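Here's the structure, in structure tokens; my notes come after.
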Amino acid sequence: MKDLKTVFSERKNAYTNRSSAIFPLRLRKNTDLIISFLNYFRFKNNITDIICNIRIYDANGSLEYLGNYRLDESHYALSAQILLGQDSFDGMLEVEFISLDNLRFSFPAVLGFYKAQGNYSAVHSAGRIKGSSEPYTPFITEESNFSCKYYCENGKVTITPFIHVFNGPEKRERHYTLTLRKMTGEPIAVKSLCYQFSPFASHLIEVAKEFDDAQMEKGFFCSIKADNDQIFPRFVCGNLHYDIGFMESTHSYPVIEKPDYCESSKELPLASFLPLLTDKALELDAFVFPTNFPADLTGKVLVQAYGAPRLADTGTTLRLQTGLGGGGELHCPEDVMFMLLAFDSHAAKVPTRINTSYRYSVKGSKGHFSTDIATGTTPNVYPQKFTHWGSGILSTDFHTILFIRNNSHNPTETHDATFTLDVYVGDQRLQQTFTAAAESALCIRLKDFVPTSAYGSQPVILHWMLKSNHPVGETFWVSYTDNGAICADHGF
């Protein structure tokens, strides 16, 4: 794995005419996968000549649907169930964008919304099948960093972790090593798996079928080691609720084994930080997996309480150990909307990648539903961003909150930021202007300015784009109902 500074440097000169992603399909009655994206190609990159291809393969690799779309709308939400015309199907969906212009990124800014009986989960582009011009160089990766839920009632499993694995255009025998792990990363049980894959075949690994009940009861998360050549293996994974067919989804991240540290800098006093943003209607726990490169760190804690203008130093610190045997959970205090764990640039070596899971749930809800946003710390090599975009859901019952943090690695040089926010709902485009003070976060409830005429009792997927006069650090969105349905992701 390349160091993060090199990754960002190479992106400046990246060139590709193809961008794609794979999403697993497990359709049952009252379930769906909705492929959702804003036409950022046009709005951000001024690319107007672009084709979107949708391919749906069954689990054996047979092509069951092929659709082509010339992108002339502002945003899209495409139902797999409607495209296929059936409500019982196992396989995968590939979304692919082709243009003569430089798309720059091989991964498109696309979300897959998994829907089941009023519940939604969202995951952005993860793995992909390589293009014909890319080399099929064999490599092995160990993917992990997602939360495992396991429930068994009266001897019947009701919720199991899952991992979706897939193949490229050539027949392959694929080998996987699945490891169930304790919270601290130590293995509980290991299982070797092998699949004879036809071209474009796939398989949904239901983890509870690979280990016994006693092992699953002890498991906190798992990892899967995979051999790859035709694919880029960021796997869609998560937890499958059997009773309603709900795929509560996120994506994997690799176990970090190579040292890569933040650079010490006089201009940037903070080497890295971990931000937590929440709302009074929500609970937020952040889990740092013990799969990152080992480090023993101490970070200072800053908070912005509800009603406060900006972050303030609490005078307290938190210790974070990142490797095997470490990890840990952080919780936003009850009266805090923005908490920052900040690591000094001149202290101990700080890894650039510290993968973290954001678990939002609805406060007071009794269900098993939560988010599992795959994110992490923000190191000082991250490029500044003036434009962000993402999605959300609105209905009579669904609310959407947009979190915007405006802090930097040099707090004394952070500027107040004024930005325009465009929200696309159906055929409407709504625009508002906001200001985020330096070293603060902003919480925007979309229902405060989106008229009720834009949505109704049935959930509608929306898209938004933010453009700022000064770089804004990061965005997250959370959509939820008061009775516990919830989905979320970070912005693009």
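Chain lettering (A, B, ...) mirrors the order of the structure tokens, residue numbering begins at 1 for each chain separately, and ligand numbering begins at 1 in order of display.
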(request) Considering only C-alpha atoms, return as a ChimeraX atom specification whatever protein or nucleic-acid residues lie within 12 Å of stretch 253-258 of chain A, sequence-local ones (same chain, fewer than 4 positions apart) excluded. (result) /A:1-4,126-127,140-147,185,222-226,232-237,289-295,322-324,351-357,373-376
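Around A:Gly155, within 12 Å and counting only C-alpha atoms, the residues found are A:Tyr151, A:Cys152, A:Glu153, A:Val157, A:Thr158, A:Asp212, A:Asp213, A:Ala214, once anything fewer than 2 positions away on its own chain is removed.
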Find the residues of stretch 263-318 of chain A that sit at most 12 Å from stretch 440-460 of chain A; for each, write down the nearest two atoms and how far apart they are in Å, to one decimal. Count only C-alpha atoms. Sort by chain, then by number going up, and give it as JSON lines.
{"residue": "A:Pro275", "atom": "CA", "partner": "A:Ala441", "partner_atom": "CA", "distance": 9.9}
{"residue": "A:Leu276", "atom": "CA", "partner": "A:Ala441", "partner_atom": "CA", "distance": 10.0}
{"residue": "A:Leu277", "atom": "CA", "partner": "A:Ala441", "partner_atom": "CA", "distance": 7.7}
{"residue": "A:Thr278", "atom": "CA", "partner": "A:Cys443", "partner_atom": "CA", "distance": 8.3}
{"residue": "A:Asp279", "atom": "CA", "partner": "A:Cys443", "partner_atom": "CA", "distance": 7.7}
{"residue": "A:Lys280", "atom": "CA", "partner": "A:Cys443", "partner_atom": "CA", "distance": 10.7}
{"residue": "A:Ala281", "atom": "CA", "partner": "A:Arg445", "partner_atom": "CA", "distance": 11.6}
{"residue": "A:Leu302", "atom": "CA", "partner": "A:Ser440", "partner_atom": "CA", "distance": 10.6}
{"residue": "A:Val303", "atom": "CA", "partner": "A:Ser440", "partner_atom": "CA", "distance": 9.2}
{"residue": "A:Gln304", "atom": "CA", "partner": "A:Ser440", "partner_atom": "CA", "distance": 7.0}
{"residue": "A:Ala305", "atom": "CA", "partner": "A:Ser440", "partner_atom": "CA", "distance": 10.1}
{"residue": "A:Tyr306", "atom": "CA", "partner": "A:Cys443", "partner_atom": "CA", "distance": 10.1}
{"residue": "A:Gly307", "atom": "CA", "partner": "A:Leu442", "partner_atom": "CA", "distance": 10.6}
{"residue": "A:Ala308", "atom": "CA", "partner": "A:Ser440", "partner_atom": "CA", "distance": 8.9}
{"residue": "A:Pro309", "atom": "CA", "partner": "A:Ser440", "partner_atom": "CA", "distance": 6.8}
{"residue": "A:Arg310", "atom": "CA", "partner": "A:Ser440", "partner_atom": "CA", "distance": 4.2}
{"residue": "A:Leu311", "atom": "CA", "partner": "A:Ser440", "partner_atom": "CA", "distance": 5.6}
{"residue": "A:Ala312", "atom": "CA", "partner": "A:Ser440", "partner_atom": "CA", "distance": 9.4}
(request) Per DSSP on the backbone, filter stretch 46-268 of chain A down to the residues in strand (DSSP E) and report them as number ranges by chain. (result) A: 51-58, 63-70, 75-79, 89-98, 111-116, 119-124, 128-129, 139-144, 151-153, 156-166, 172-181, 187-197, 202-206, 221-228, 231-232, 236-241, 246-251, 253-254
Dump C-alpha atoms for the selected residues as a short mmCIF file (atom, residue, chain, number, x, y, z; two decimals), in the first residue's frame?
data_model
loop_
_atom_site.label_atom_id
_atom_site.label_comp_id
_atom_site.auth_asym_id
_atom_site.auth_seq_id
_atom_site.Cartn_x
_atom_site.Cartn_y
_atom_site.Cartn_z
CA ILE A 51 -22.48 7.45 -20.40
CA CYS A 52 -23.62 5.40 -17.41
CA ASN A 53 -23.86 1.62 -17.86
CA ILE A 54 -25.72 -0.57 -15.39
CA ARG A 55 -25.04 -4.32 -15.51
CA ILE A 56 -26.71 -6.86 -13.26
CA TYR A 57 -25.23 -10.35 -12.96
CA ASP A 58 -26.71 -13.30 -11.09
CA LEU A 63 -25.74 -11.05 -17.34
CA GLU A 64 -29.43 -10.47 -16.50
CA TYR A 65 -29.71 -6.75 -17.25
CA LEU A 66 -27.81 -4.11 -19.24
CA GLY A 67 -28.93 -0.50 -19.35
CA ASN A 68 -27.30 2.64 -20.77
CA TYR A 69 -27.94 6.22 -19.71
CA ARG A 70 -26.61 9.44 -21.15
CA HIS A 75 -29.36 13.58 -10.14
CA TYR A 76 -30.37 9.92 -10.34
CA ALA A 77 -31.93 7.18 -8.19
CA LEU A 78 -32.19 3.85 -10.06
CA SER A 79 -34.08 0.92 -8.51
CA PHE A 89 -32.55 -12.30 -6.95
CA ASP A 90 -28.96 -12.91 -5.79
CA GLY A 91 -25.93 -11.49 -7.54
CA MET A 92 -24.33 -8.11 -8.06
CA LEU A 93 -24.80 -4.79 -9.81
CA GLU A 94 -22.01 -2.96 -11.62
CA VAL A 95 -22.32 0.76 -12.26
CA GLU A 96 -19.86 2.12 -14.83
CA PHE A 97 -19.22 5.59 -16.24
CA ILE A 98 -17.47 6.10 -19.57
CA LEU A 111 -24.19 5.50 -3.25
CA GLY A 112 -26.07 2.24 -2.93
CA PHE A 113 -29.16 2.54 -0.74
CA TYR A 114 -30.35 -0.81 0.63
CA LYS A 115 -34.05 -0.67 1.47
CA ALA A 116 -36.24 -3.07 3.48
CA ASN A 119 -35.36 0.91 6.74
CA TYR A 120 -32.47 2.25 4.67
CA SER A 121 -28.72 1.77 4.72
CA ALA A 122 -26.18 3.53 2.50
CA VAL A 123 -22.72 2.58 1.27
CA HIS A 124 -20.62 4.41 -1.30
CA ARG A 128 -14.58 -2.58 -8.63
CA ILE A 129 -13.68 -4.79 -11.57
CA PHE A 139 -1.80 -9.39 -4.86
CA ILE A 140 -3.17 -10.34 -1.45
CA THR A 141 -4.96 -8.02 0.92
CA GLU A 142 -6.63 -8.48 4.29
CA GLU A 143 -9.86 -6.50 4.52
CA SER A 144 -11.59 -5.63 7.77
CA TYR A 151 -28.30 -12.31 17.22
CA CYS A 152 -29.73 -15.78 17.74
CA GLU A 153 -33.25 -16.29 19.13
CA LYS A 156 -32.45 -19.31 14.96
CA VAL A 157 -29.95 -16.73 13.70
CA THR A 158 -31.74 -13.42 13.03
CA ILE A 159 -28.74 -11.16 12.28
CA THR A 160 -25.39 -12.18 10.79
CA PRO A 161 -22.38 -10.26 9.51
CA PHE A 162 -21.84 -10.56 5.74
CA ILE A 163 -19.09 -9.91 3.21
CA HIS A 164 -19.67 -9.76 -0.54
CA VAL A 165 -16.85 -11.22 -2.68
CA PHE A 166 -16.81 -11.13 -6.47
CA ARG A 172 -10.86 -18.12 -11.27
CA GLU A 173 -10.50 -20.29 -8.19
CA ARG A 174 -10.66 -17.76 -5.36
CA HIS A 175 -9.21 -18.42 -1.90
CA TYR A 176 -10.21 -16.54 1.25
CA THR A 177 -9.20 -16.74 4.90
CA LEU A 178 -11.99 -15.57 7.20
CA THR A 179 -11.00 -14.68 10.78
CA LEU A 180 -13.41 -13.93 13.61
CA ARG A 181 -11.79 -11.57 16.13
CA PRO A 187 -8.38 -14.26 16.57
CA ILE A 188 -11.19 -16.45 17.92
CA ALA A 189 -11.57 -18.78 14.95
CA VAL A 190 -10.25 -19.05 11.38
CA LYS A 191 -11.97 -20.55 8.33
CA SER A 192 -10.51 -21.19 4.87
CA LEU A 193 -12.94 -20.70 1.99
CA CYS A 194 -12.59 -21.52 -1.71
CA TYR A 195 -14.98 -20.70 -4.55
CA GLN A 196 -14.85 -21.76 -8.20
CA PHE A 197 -15.91 -18.50 -9.82
CA SER A 202 -20.10 -13.44 -6.81
CA HIS A 203 -20.96 -14.78 -3.38
CA LEU A 204 -22.43 -13.33 -0.20
CA ILE A 205 -20.52 -14.81 2.73
CA GLU A 206 -22.88 -15.09 5.72
CA PHE A 221 -15.38 -7.97 14.17
CA CYS A 222 -13.82 -10.09 11.45
CA SER A 223 -11.25 -9.88 8.68
CA ILE A 224 -10.95 -11.61 5.32
CA LYS A 225 -7.70 -12.24 3.45
CA ALA A 226 -8.24 -12.42 -0.30
CA ASP A 227 -6.18 -13.09 -3.40
CA ASN A 228 -6.92 -10.61 -6.18
CA ILE A 231 -10.60 -6.74 -9.11
CA PHE A 232 -9.88 -3.99 -6.61
CA VAL A 236 -19.29 -4.20 0.61
CA CYS A 237 -19.98 -5.79 3.99
CA GLY A 238 -22.15 -5.27 7.03
CA ASN A 239 -24.96 -7.07 8.82
CA LEU A 240 -27.87 -8.97 7.32
CA HIS A 241 -31.20 -8.86 9.17
CA PHE A 246 -32.27 -5.84 5.36
CA MET A 247 -28.63 -5.38 4.35
CA GLU A 248 -27.15 -2.90 6.83
CA SER A 249 -24.10 -2.01 4.77
CA THR A 250 -20.69 -0.38 4.81
CA HIS A 251 -17.38 -1.20 3.11
CA TYR A 253 -10.74 -1.21 4.71
CA PRO A 254 -7.40 -3.02 4.57
#
(request) Rank A:Phe343, A:Phe37, A:Tyr382, A:Phe369 by their smallest atom-to-atom distance to A:Thr317, using only C-alpha atoms, and report the top residue only. (result) A:Phe343
(request) From the DSSP assignment of the backbone, select every residue of stretch 247-480 of chain A that is helix (DSSP H, G or I), and format the answer as a list in words. (result)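 Taking stretch 247-480 of chain A and keeping helix (DSSP H, G or I) gives Pro411, Thr412, Glu413, Leu446, Lys447, Asp448, Thr452, Ser453 and Ala454 of chain A.
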Which residues of stretch 108-212 of chain A come within 12 Å of stretch 39-49 of chain A, and what is each one's closest atom pair and distance in Å (one decimal), counting only C-alpha atoms, sorted by chain and residue number, as JSON lines?
{"residue": "A:Pro108", "atom": "CA", "partner": "A:Phe41", "partner_atom": "CA", "distance": 9.5}
{"residue": "A:Ala109", "atom": "CA", "partner": "A:Tyr40", "partner_atom": "CA", "distance": 8.1}
{"residue": "A:Val110", "atom": "CA", "partner": "A:Asn39", "partner_atom": "CA", "distance": 9.8}
Convert the current residue selection to file output with N, CA, C and O atoms, as an mmCIF file, in the first residue's frame.
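Once written, result.cif looks like this:
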data_model
loop_
_atom_site.group_PDB
_atom_site.id
_atom_site.type_symbol
_atom_site.label_atom_id
_atom_site.label_comp_id
_atom_site.auth_asym_id
_atom_site.auth_seq_id
_atom_site.Cartn_x
_atom_site.Cartn_y
_atom_site.Cartn_z
ATOM 1 N N PRO A 108 -16.377 6.023 -8.780
ATOM 2 C CA PRO A 108 -17.324 7.132 -8.905
ATOM 3 C C PRO A 108 -17.951 7.482 -7.559
ATOM 4 O O PRO A 108 -17.995 6.659 -6.637
ATOM 5 N N ALA A 109 -18.431 8.701 -7.439
ATOM 6 C CA ALA A 109 -19.139 9.144 -6.234
ATOM 7 C C ALA A 109 -20.587 8.686 -6.328
ATOM 8 O O ALA A 109 -21.495 9.444 -6.672
ATOM 9 N N VAL A 110 -20.790 7.412 -6.030
ATOM 10 C CA VAL A 110 -22.097 6.761 -6.145
ATOM 11 C C VAL A 110 -22.435 6.110 -4.820
ATOM 12 O O VAL A 110 -21.565 5.562 -4.134
#
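Here the question is which of A:Thr137, A:Ser62, A:Gln215, A:Ser125 gets nearest to A:Ala21 using only C-alpha atoms, and that residue is A:Ser125.
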(message) Please determine, counting only C-alpha atoms, which residue among A:Leu38, A:Ala436, A:Leu25, A:Leu330 has the shortest atom-to-atom distance to A:Ala59.
(response) A:Leu25
